[in-house]
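Contents: one structure, followed by commentary.
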Amino acid sequence: VSNLGSGYTAWFEDAANDTSPVVINESGNLGIGTTSPSARMSITGDGTGATRGFVFADSNNVERVSILNNGNLGIGTTNPASNFEVRKDTAGTATIQLIRNMDNTNAGSHARLALATGGASGGDPYISFDVQTASGWVLGPDNSDSDKFQLAYTSGFVPGAGQLVTVQTDGNVGIGTTAPGNALHIVSTAPPQLKVANDADRYTTVTHSTIVSRSLDTQSNPLQIRKLGSPVADRF
C-alpha cells in the first residue's frame, strides 16, 4: 500500500462506521482509537477515569499489565489505584522490585531511588511501610517542620503523626521528642530513660535524677564518675 499524496494511507472500521477506527496516516503513524496519531503508534481509550484503556495478556488471556484511561499503570492488577501499582496475591511468594546498575567498571555507576516534592510549600517525600488495615511505619523528612528527618509508628500512610525518632538538620537526635536540644535528647515518662547493658546482669540505667549501675563483679568494676581529662574518679 502506497500513499503518494496526503491523507490516510489506510483506514479500518467496521460496518457501524465507528468514530474510533484504526488508521495509518501519511507520515506512517499508526492510530488505534484516534484519527490523529501524533507518534509512530498512538492508542486512545474509549473514555476517561478508572476504566481500562490498554491491556497486555498472556497466552491464556490472563491480563498481566493494564493501563487505565486516567493514566494509572498496573502490573498484576486490572484496577491500579495509583500512578503505578505492582501487585501479587499468590500465597507463599514475595513481590520484589529491583533497581539495578550492574556495571562494575566505574564508581559513578549508581543505583538510586529518588523521592521528590515540589518545594518548601509542598508535601513530604517519605516511605511508608504499611501492614494493611493494621499498623505501619513512616520514614522521611517533615517539610512543614524544618525538614526534620523522622521515624514514626503510624498506619494508613499518614505522615506527621506518631513520631518516635527525630533527627534535626543540625545533627541533634531526639527520642520521644521532635525538638531535641542536644546531640542526644531523650524524653520519656517511663523510667529509666536510658539503659546501657552488657547483658541481663550488667547494666547502667539513668532516670532524670538517678544513675543505677548493676554488676555481678562490683569490686573490680564499680561505677565510676570521672571529670573529663581527670585520672581520678569517684567510685561507688
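We name chains A, B, ... following the order of the C-alpha cells; residues begin at 1 in each chain, and ligands are numbered from 1 as shown.
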Got a sec: who's within 6 Å of Gly49 of chain A, counting only C-alpha atoms, leaving out chain neighbours fewer than 2 positions off, as a VMD selection string?
chain A and resid 51 69 to 70
Find the residues around segment 22-36 of chain A up to 8 Å (only C-alpha atoms counted), leave out those fewer than 4 positions away in its own chain, and share them as number ranges by chain.
A: 3, 5-13, 40-46
Need the shell around segment 77-82 of chain A: protein/DNA/RNA residues with any atom at most 10 Å away, counting only C-alpha atoms. Skip same-chain ones fewer than 2 positions apart. Format as a compact mmCIF listing (two decimals) with C-alpha atoms, in the first residue's frame?
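For reference, selection_3.txt as written:
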```txt
# COMPACT_ATOMS: atom_id res chain seq x y z
CA ALA A 50 -10.67 4.27 36.04
CA THR A 51 -11.68 2.21 33.02
CA ARG A 52 -9.14 0.12 31.16
CA VAL A 55 -4.19 -4.33 28.31
CA GLU A 63 -4.40 -9.79 31.90
CA ARG A 64 -0.90 -9.01 33.22
CA VAL A 65 -0.47 -5.28 32.55
CA SER A 66 -3.27 -2.70 32.49
CA ILE A 67 -3.23 0.99 31.65
CA LEU A 68 -6.36 2.85 32.67
CA ASN A 70 -6.73 8.02 33.76
CA GLY A 71 -3.09 7.01 33.15
CA ASN A 72 -2.71 4.58 36.08
CA LEU A 73 -0.45 1.63 35.26
CA GLY A 74 -0.94 -1.72 36.95
CA ILE A 75 1.18 -4.88 36.87
CA PHE A 84 1.97 2.81 39.32
CA GLU A 85 0.91 -0.28 41.26
CA VAL A 86 2.55 -3.72 41.37
CA ARG A 87 0.52 -6.47 42.98
CA LYS A 88 0.88 -10.19 43.59
CA ASP A 89 -1.60 -12.21 45.64
```
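Atom pair atom CA of Pro180 of chain A / atom CA of Lys148 of chain A: separated by 10.5 Å.
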